[in-house]
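Dumped query20.pdb below, it's PDB, C-alpha atoms and all ligand atoms:
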```
ATOM      1  CA  LYS Q 113    -258.012 130.025-135.574  1.00  0.00           C
ATOM      2  CA  LYS Q 114    -259.160 127.888-138.458  1.00  0.00           C
ATOM      3  CA  SER Q 115    -260.996 129.793-141.181  1.00  0.00           C
ATOM      4  CA  SER Q 116    -264.467 128.485-142.016  1.00  0.00           C
ATOM      5  CA  PRO Q 117    -264.669 126.295-145.128  1.00  0.00           C
ATOM      6  CA  ILE Q 118    -265.747 127.929-148.381  1.00  0.00           C
ATOM      7  CA  PRO Q 119    -269.072 126.522-149.651  1.00  0.00           C
ATOM      8  CA  TYR Q 120    -269.157 125.294-153.271  1.00  0.00           C
ATOM      9  CA  THR Q 121    -272.219 124.191-155.240  1.00  0.00           C
ATOM     10  CA  GLU Q 122    -272.376 121.313-157.740  1.00  0.00           C
ATOM     11  CA  SER Q 123    -272.195 123.665-160.738  1.00  0.00           C
ATOM     12  CA  GLU Q 124    -269.152 125.443-159.333  1.00  0.00           C
ATOM     13  CA  ILE Q 125    -267.480 122.103-158.701  1.00  0.00           C
ATOM     14  CA  SER Q 126    -268.150 120.962-162.274  1.00  0.00           C
ATOM     15  CA  ARG Q 127    -266.487 124.140-163.530  1.00  0.00           C
ATOM     16  CA  GLY Q 128    -263.452 123.079-161.524  1.00  0.00           C
ATOM     17  CA  ARG Q 129    -262.943 120.103-163.835  1.00  0.00           C
ATOM     18  CA  ARG Q 130    -259.786 121.439-165.477  1.00  0.00           C
ATOM     19  CA  ASP Q 131    -258.293 122.008-162.048  1.00  0.00           C
ATOM     20  CA  ALA Q 132    -259.313 118.471-161.114  1.00  0.00           C
ATOM     21  CA  TRP Q 133    -261.639 119.354-158.283  1.00  0.00           C
ATOM     22  CA  THR Q 134    -263.619 116.571-156.671  1.00  0.00           C
ATOM     23  CA  VAL Q 135    -265.890 115.980-153.709  1.00  0.00           C
ATOM     24  CA  LEU Q 136    -265.208 113.304-151.130  1.00  0.00           C
ATOM     25  CA  GLY Q 137    -267.429 112.956-148.079  1.00  0.00           C
ATOM     26  CA  GLY Q 138    -268.888 116.405-148.655  1.00  0.00           C
ATOM     27  CA  LYS Q 139    -265.501 118.104-148.819  1.00  0.00           C
ATOM     28  CA  VAL Q 140    -264.216 119.817-151.953  1.00  0.00           C
ATOM     29  CA  TYR Q 141    -260.646 119.041-153.001  1.00  0.00           C
ATOM     30  CA  ASN Q 142    -258.378 120.362-155.710  1.00  0.00           C
ATOM     31  CA  MET Q 143    -256.571 117.123-156.633  1.00  0.00           C
ATOM     32  CA  THR Q 144    -254.145 118.846-159.033  1.00  0.00           C
ATOM     33  CA  PRO Q 145    -251.023 118.645-156.813  1.00  0.00           C
ATOM     34  CA  TYR Q 146    -251.790 114.997-156.024  1.00  0.00           C
ATOM     35  CA  LEU Q 147    -252.318 113.804-159.618  1.00  0.00           C
ATOM     36  CA  PRO Q 148    -248.692 112.658-160.266  1.00  0.00           C
ATOM     37  CA  TYR Q 149    -248.603 110.715-156.986  1.00  0.00           C
ATOM     38  CA  HIS Q 150    -251.720 108.573-157.312  1.00  0.00           C
ATOM     39  CA  PRO Q 151    -250.743 104.860-157.340  1.00  0.00           C
ATOM     40  CA  GLY Q 152    -253.730 104.191-159.613  1.00  0.00           C
ATOM     41  CA  GLY Q 153    -252.606 106.797-162.145  1.00  0.00           C
ATOM     42  CA  GLU Q 154    -253.883 110.182-163.317  1.00  0.00           C
ATOM     43  CA  PRO Q 155    -256.638 108.960-165.677  1.00  0.00           C
ATOM     44  CA  GLU Q 156    -258.413 107.193-162.824  1.00  0.00           C
ATOM     45  CA  LEU Q 157    -258.404 110.359-160.735  1.00  0.00           C
ATOM     46  CA  LEU Q 158    -259.693 112.426-163.644  1.00  0.00           C
ATOM     47  CA  ARG Q 159    -262.764 110.201-163.823  1.00  0.00           C
ATOM     48  CA  VAL Q 160    -264.043 111.974-160.718  1.00  0.00           C
ATOM     49  CA  ALA Q 161    -262.858 115.472-161.696  1.00  0.00           C
ATOM     50  CA  GLY Q 162    -265.661 117.999-161.602  1.00  0.00           C
ATOM     51  CA  LYS Q 163    -268.008 115.763-159.637  1.00  0.00           C
ATOM     52  CA  ASP Q 164    -268.607 113.848-156.455  1.00  0.00           C
ATOM     53  CA  GLY Q 165    -266.053 111.016-156.332  1.00  0.00           C
ATOM     54  CA  SER Q 166    -267.162 109.401-153.085  1.00  0.00           C
ATOM     55  CA  LYS Q 167    -268.970 106.427-154.642  1.00  0.00           C
ATOM     56  CA  LEU Q 168    -266.245 105.476-157.131  1.00  0.00           C
ATOM     57  CA  PHE Q 169    -263.532 106.010-154.540  1.00  0.00           C
ATOM     58  CA  GLY Q 170    -265.351 103.703-152.125  1.00  0.00           C
ATOM     59  CA  GLU Q 171    -265.752 101.040-154.796  1.00  0.00           C
ATOM     60  CA  VAL Q 172    -262.022 100.987-155.568  1.00  0.00           C
ATOM     61  CA  HIS Q 173    -260.301 101.439-152.223  1.00  0.00           C
ATOM     62  CA  PRO Q 174    -262.504 102.074-149.192  1.00  0.00           C
ATOM     63  CA  TRP Q 175    -259.492 101.512-146.917  1.00  0.00           C
ATOM     64  CA  VAL Q 176    -257.579 104.529-148.236  1.00  0.00           C
ATOM     65  CA  ASN Q 177    -257.479 107.482-145.794  1.00  0.00           C
ATOM     66  CA  TRP Q 178    -258.284 110.256-148.271  1.00  0.00           C
ATOM     67  CA  GLU Q 179    -258.994 112.778-145.539  1.00  0.00           C
ATOM     68  CA  GLY Q 180    -255.440 112.564-144.255  1.00  0.00           C
ATOM     69  CA  MET Q 181    -253.809 112.253-147.657  1.00  0.00           C
ATOM     70  CA  LEU Q 182    -255.629 115.173-149.241  1.00  0.00           C
ATOM     71  CA  GLU Q 183    -255.538 117.542-146.265  1.00  0.00           C
ATOM     72  CA  GLY Q 184    -253.412 120.024-148.207  1.00  0.00           C
ATOM     73  CA  CYS Q 185    -255.758 119.856-151.200  1.00  0.00           C
ATOM     74  CA  LEU Q 186    -258.901 120.812-149.250  1.00  0.00           C
ATOM     75  CA  ILE Q 187    -260.529 123.947-150.651  1.00  0.00           C
ATOM     76  CA  GLY Q 188    -264.041 123.922-149.186  1.00  0.00           C
ATOM     77  CA  VAL Q 189    -267.286 122.063-148.591  1.00  0.00           C
ATOM     78  CA  ALA Q 190    -269.996 120.987-151.027  1.00  0.00           C
ATOM     79  CA  VAL Q 191    -273.393 122.577-150.529  1.00  0.00           C
ATOM     80  CA  ALA Q 192    -276.747 122.356-152.309  1.00  0.00           C
ATOM     81  CA  GLU Q 193    -277.533 125.039-154.888  1.00  0.00           C
ATOM     82  CA  GLU Q 194    -280.539 126.150-152.772  1.00  0.00           C
ATOM     83  CA  GLU Q 195    -278.363 126.855-149.763  1.00  0.00           C
ATOM     84  CA  ILE Q 196    -276.600 129.597-151.729  1.00  0.00           C
ATOM     85  CA  LYS Q 197    -279.359 131.137-153.842  1.00  0.00           C
ATOM     86  CA  GLN Q 198    -281.536 132.909-151.300  1.00  0.00           C
TER      87      GLN Q 198
HETATM   88  C1  LIG H 201    -254.722 102.972-155.670  1.00  0.00           C
HETATM   89  C2  LIG H 201    -255.331 107.141-153.297  1.00  0.00           C
HETATM   90  C3  LIG H 201    -259.065 108.233-156.165  1.00  0.00           C
HETATM   91  C4  LIG H 201    -258.362 104.129-158.608  1.00  0.00           C
HETATM   92  C5  LIG H 201    -254.622 103.983-154.725  1.00  0.00           C
HETATM   93  C6  LIG H 201    -253.787 103.936-153.557  1.00  0.00           C
HETATM   94  C7  LIG H 201    -253.938 105.098-152.907  1.00  0.00           C
HETATM   95  C8  LIG H 201    -254.892 105.888-153.636  1.00  0.00           C
HETATM   96  C9  LIG H 201    -253.255 105.516-151.606  1.00  0.00           C
HETATM   97  C10 LIG H 201    -252.938 102.744-153.123  1.00  0.00           C
HETATM   98  C11 LIG H 201    -253.846 101.874-152.294  1.00  0.00           C
HETATM   99  C12 LIG H 201    -253.279 100.567-151.882  1.00  0.00           C
HETATM  100  O1  LIG H 201    -252.351 100.070-152.544  1.00  0.00           O
HETATM  101  O2  LIG H 201    -253.789  99.982-150.893  1.00  0.00           O
HETATM  102  C13 LIG H 201    -256.357 107.819-153.893  1.00  0.00           C
HETATM  103  C14 LIG H 201    -256.821 109.140-153.508  1.00  0.00           C
HETATM  104  C15 LIG H 201    -257.873 109.450-154.329  1.00  0.00           C
HETATM  105  C16 LIG H 201    -258.067 108.312-155.223  1.00  0.00           C
HETATM  106  C17 LIG H 201    -256.242 109.999-152.398  1.00  0.00           C
HETATM  107  C18 LIG H 201    -258.723 110.678-154.379  1.00  0.00           C
HETATM  108  C19 LIG H 201    -258.254 111.852-154.705  1.00  0.00           C
HETATM  109  C20 LIG H 201    -259.242 107.186-157.036  1.00  0.00           C
HETATM  110  C21 LIG H 201    -260.331 107.063-157.968  1.00  0.00           C
HETATM  111  C22 LIG H 201    -260.126 105.902-158.639  1.00  0.00           C
HETATM  112  C23 LIG H 201    -258.917 105.291-158.161  1.00  0.00           C
HETATM  113  C24 LIG H 201    -261.467 108.053-158.125  1.00  0.00           C
HETATM  114  C25 LIG H 201    -260.952 105.242-159.709  1.00  0.00           C
HETATM  115  C26 LIG H 201    -261.724 105.850-160.528  1.00  0.00           C
HETATM  116  C27 LIG H 201    -257.287 103.495-158.061  1.00  0.00           C
HETATM  117  C28 LIG H 201    -256.776 102.219-158.520  1.00  0.00           C
HETATM  118  C29 LIG H 201    -255.734 101.886-157.661  1.00  0.00           C
HETATM  119  C30 LIG H 201    -255.606 102.951-156.709  1.00  0.00           C
HETATM  120  C31 LIG H 201    -257.292 101.437-159.703  1.00  0.00           C
HETATM  121  C32 LIG H 201    -254.912 100.610-157.711  1.00  0.00           C
HETATM  122  C33 LIG H 201    -253.585 100.872-158.322  1.00  0.00           C
HETATM  123  C34 LIG H 201    -252.757  99.607-158.350  1.00  0.00           C
HETATM  124  O3  LIG H 201    -252.578  99.023-157.263  1.00  0.00           O
HETATM  125  O4  LIG H 201    -252.310  99.240-159.410  1.00  0.00           O
HETATM  126  N1  LIG H 201    -255.296 105.182-154.743  1.00  0.00           N
HETATM  127  N2  LIG H 201    -257.121 107.362-154.931  1.00  0.00           N
HETATM  128  N3  LIG H 201    -258.410 106.099-157.161  1.00  0.00           N
HETATM  129  N4  LIG H 201    -256.564 103.915-156.968  1.00  0.00           N
HETATM  130 FE1  LIG H 201    -256.828 105.632-155.983  1.00  0.00          FE
END
```
Would it be possible to restate this file's structure as structure tokens?
Ligand code: HEM
Amino acid sequence: KKSSPIPYTESEISRGRRDAWTVLGGKVYNMTPYLPYHPGGEPELLRVAGKDGSKLFGEVHPWVNWEGMLEGCLIGVAVAEEEIKQ
């Protein structure tokens, strides 16, 4: 059985900057293990660390299958602050 994804808010994701967390399509990834393998280099990846990278990613290479490539880096899903604080 697959465990349910852990919800992360924007502020939690921004605190994950040093671990190179990002959000793509609503999913939260820890890109750290992937950093050395990115054909575009580490600095490019770090531009989206701690925030939603979907827009920039789509501008650079919309054809890249991030969902498949980053499967092992998936740590949760992005949620709105209000969904947590109740
Ligand atoms: C190239 C994956 C995020 C900038 C590539 C390529 C892959 C890839 C597979 C080769 C594509 C090809 O040759 O057709 C990823 C993954 C990302 C990510 C999995 C998310 C974690 C980003 C971001 C940026 C970026 C956020 C920009 C801010 C680039 C650039 C290249 C590239 C500039 C071209 C490198 C070259 O051909 O010299 N990336 N990328 N990538 N990526 Fe990313």
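Among the candidates Q:Trp175, Q:Ser115, Q:Arg159, Q:Ile125, the residue lying nearest to Q:Val140 is Q:Ile125 (atoms considered: only C-alpha atoms).
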Hey, which of Q:Ala192, Q:Val135, Q:Ile118, Q:Val160 ends up closest to Q:Glu179? Count all atoms listed in the file.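 Checking each candidate against Q:Glu179, we get Q:Val135 as the closest.
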At a cut-off of 12 Å around the point (-279.4, 129.5, -153.3) (file coordinates), what residues fall inside when counting only C-alpha atoms? I'd like the answer as a list in words.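 All residues meeting the 12 Å criterion around (-279.4, 129.5, -153.3) are Pro119, Tyr120, Thr121, Glu122, Ser123, Val191, Ala192, Glu193, Glu194, Glu195, Ile196, Lys197 and Gln198 of chain Q.
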Using all atoms listed in the file, find each residue with an atom at most 12 Å away from ligand LIG 201 (chain H) and format the answer as a VMD selection string. chain Q and resid 132 to 137 139 to 186
Completion step: stretch 152-170 of chain Q with N, CA and C atoms as a PDB file, in the coordinates of the input:
```pdb
ATOM      1  N   GLY Q 152    -252.827 104.684-158.567  1.00  0.00           N
ATOM      2  CA  GLY Q 152    -253.730 104.191-159.613  1.00  0.00           C
ATOM      3  C   GLY Q 152    -253.636 104.991-160.906  1.00  0.00           C
ATOM      4  N   GLY Q 153    -252.805 106.006-160.937  1.00  0.00           N
ATOM      5  CA  GLY Q 153    -252.606 106.797-162.145  1.00  0.00           C
ATOM      6  C   GLY Q 153    -253.524 107.994-162.275  1.00  0.00           C
ATOM      7  N   GLU Q 154    -253.113 108.949-163.110  1.00  0.00           N
ATOM      8  CA  GLU Q 154    -253.883 110.182-163.317  1.00  0.00           C
ATOM      9  C   GLU Q 154    -255.249 109.954-163.948  1.00  0.00           C
ATOM     10  N   PRO Q 155    -255.340 109.118-164.996  1.00  0.00           N
ATOM     11  CA  PRO Q 155    -256.638 108.960-165.677  1.00  0.00           C
ATOM     12  C   PRO Q 155    -257.758 108.512-164.733  1.00  0.00           C
ATOM     13  N   GLU Q 156    -257.410 107.655-163.788  1.00  0.00           N
ATOM     14  CA  GLU Q 156    -258.413 107.193-162.824  1.00  0.00           C
ATOM     15  C   GLU Q 156    -258.921 108.359-161.985  1.00  0.00           C
ATOM     16  N   LEU Q 157    -258.008 109.203-161.535  1.00  0.00           N
ATOM     17  CA  LEU Q 157    -258.404 110.359-160.735  1.00  0.00           C
ATOM     18  C   LEU Q 157    -259.288 111.302-161.539  1.00  0.00           C
ATOM     19  N   LEU Q 158    -258.946 111.475-162.813  1.00  0.00           N
ATOM     20  CA  LEU Q 158    -259.693 112.426-163.644  1.00  0.00           C
ATOM     21  C   LEU Q 158    -261.120 111.961-163.919  1.00  0.00           C
ATOM     22  N   ARG Q 159    -261.392 110.686-163.678  1.00  0.00           N
ATOM     23  CA  ARG Q 159    -262.764 110.201-163.823  1.00  0.00           C
ATOM     24  C   ARG Q 159    -263.707 110.867-162.827  1.00  0.00           C
ATOM     25  N   VAL Q 160    -263.181 111.324-161.710  1.00  0.00           N
ATOM     26  CA  VAL Q 160    -264.043 111.974-160.718  1.00  0.00           C
ATOM     27  C   VAL Q 160    -263.861 113.492-160.703  1.00  0.00           C
ATOM     28  N   ALA Q 161    -263.067 114.021-161.639  1.00  0.00           N
ATOM     29  CA  ALA Q 161    -262.858 115.472-161.696  1.00  0.00           C
ATOM     30  C   ALA Q 161    -264.149 116.183-162.051  1.00  0.00           C
ATOM     31  N   GLY Q 162    -264.469 117.211-161.321  1.00  0.00           N
ATOM     32  CA  GLY Q 162    -265.661 117.999-161.602  1.00  0.00           C
ATOM     33  C   GLY Q 162    -266.924 117.426-161.017  1.00  0.00           C
ATOM     34  N   LYS Q 163    -266.799 116.333-160.254  1.00  0.00           N
ATOM     35  CA  LYS Q 163    -268.008 115.763-159.637  1.00  0.00           C
ATOM     36  C   LYS Q 163    -267.703 115.051-158.328  1.00  0.00           C
ATOM     37  N   ASP Q 164    -268.769 114.558-157.718  1.00  0.00           N
ATOM     38  CA  ASP Q 164    -268.607 113.848-156.455  1.00  0.00           C
ATOM     39  C   ASP Q 164    -267.956 112.491-156.697  1.00  0.00           C
ATOM     40  N   GLY Q 165    -266.801 112.247-156.093  1.00  0.00           N
ATOM     41  CA  GLY Q 165    -266.053 111.016-156.332  1.00  0.00           C
ATOM     42  C   GLY Q 165    -266.220 109.979-155.237  1.00  0.00           C
ATOM     43  N   SER Q 166    -267.059 110.275-154.259  1.00  0.00           N
ATOM     44  CA  SER Q 166    -267.162 109.401-153.085  1.00  0.00           C
ATOM     45  C   SER Q 166    -267.519 107.953-153.429  1.00  0.00           C
ATOM     46  N   LYS Q 167    -268.497 107.769-154.338  1.00  0.00           N
ATOM     47  CA  LYS Q 167    -268.970 106.427-154.642  1.00  0.00           C
ATOM     48  C   LYS Q 167    -267.873 105.604-155.326  1.00  0.00           C
ATOM     49  N   LEU Q 168    -267.278 106.180-156.380  1.00  0.00           N
ATOM     50  CA  LEU Q 168    -266.245 105.476-157.131  1.00  0.00           C
ATOM     51  C   LEU Q 168    -265.029 105.183-156.241  1.00  0.00           C
ATOM     52  N   PHE Q 169    -264.652 106.180-155.461  1.00  0.00           N
ATOM     53  CA  PHE Q 169    -263.532 106.010-154.540  1.00  0.00           C
ATOM     54  C   PHE Q 169    -263.786 104.822-153.611  1.00  0.00           C
ATOM     55  N   GLY Q 170    -264.997 104.764-153.058  1.00  0.00           N
ATOM     56  CA  GLY Q 170    -265.351 103.703-152.125  1.00  0.00           C
ATOM     57  C   GLY Q 170    -265.413 102.335-152.770  1.00  0.00           C
TER      58      GLY Q 170
END
```
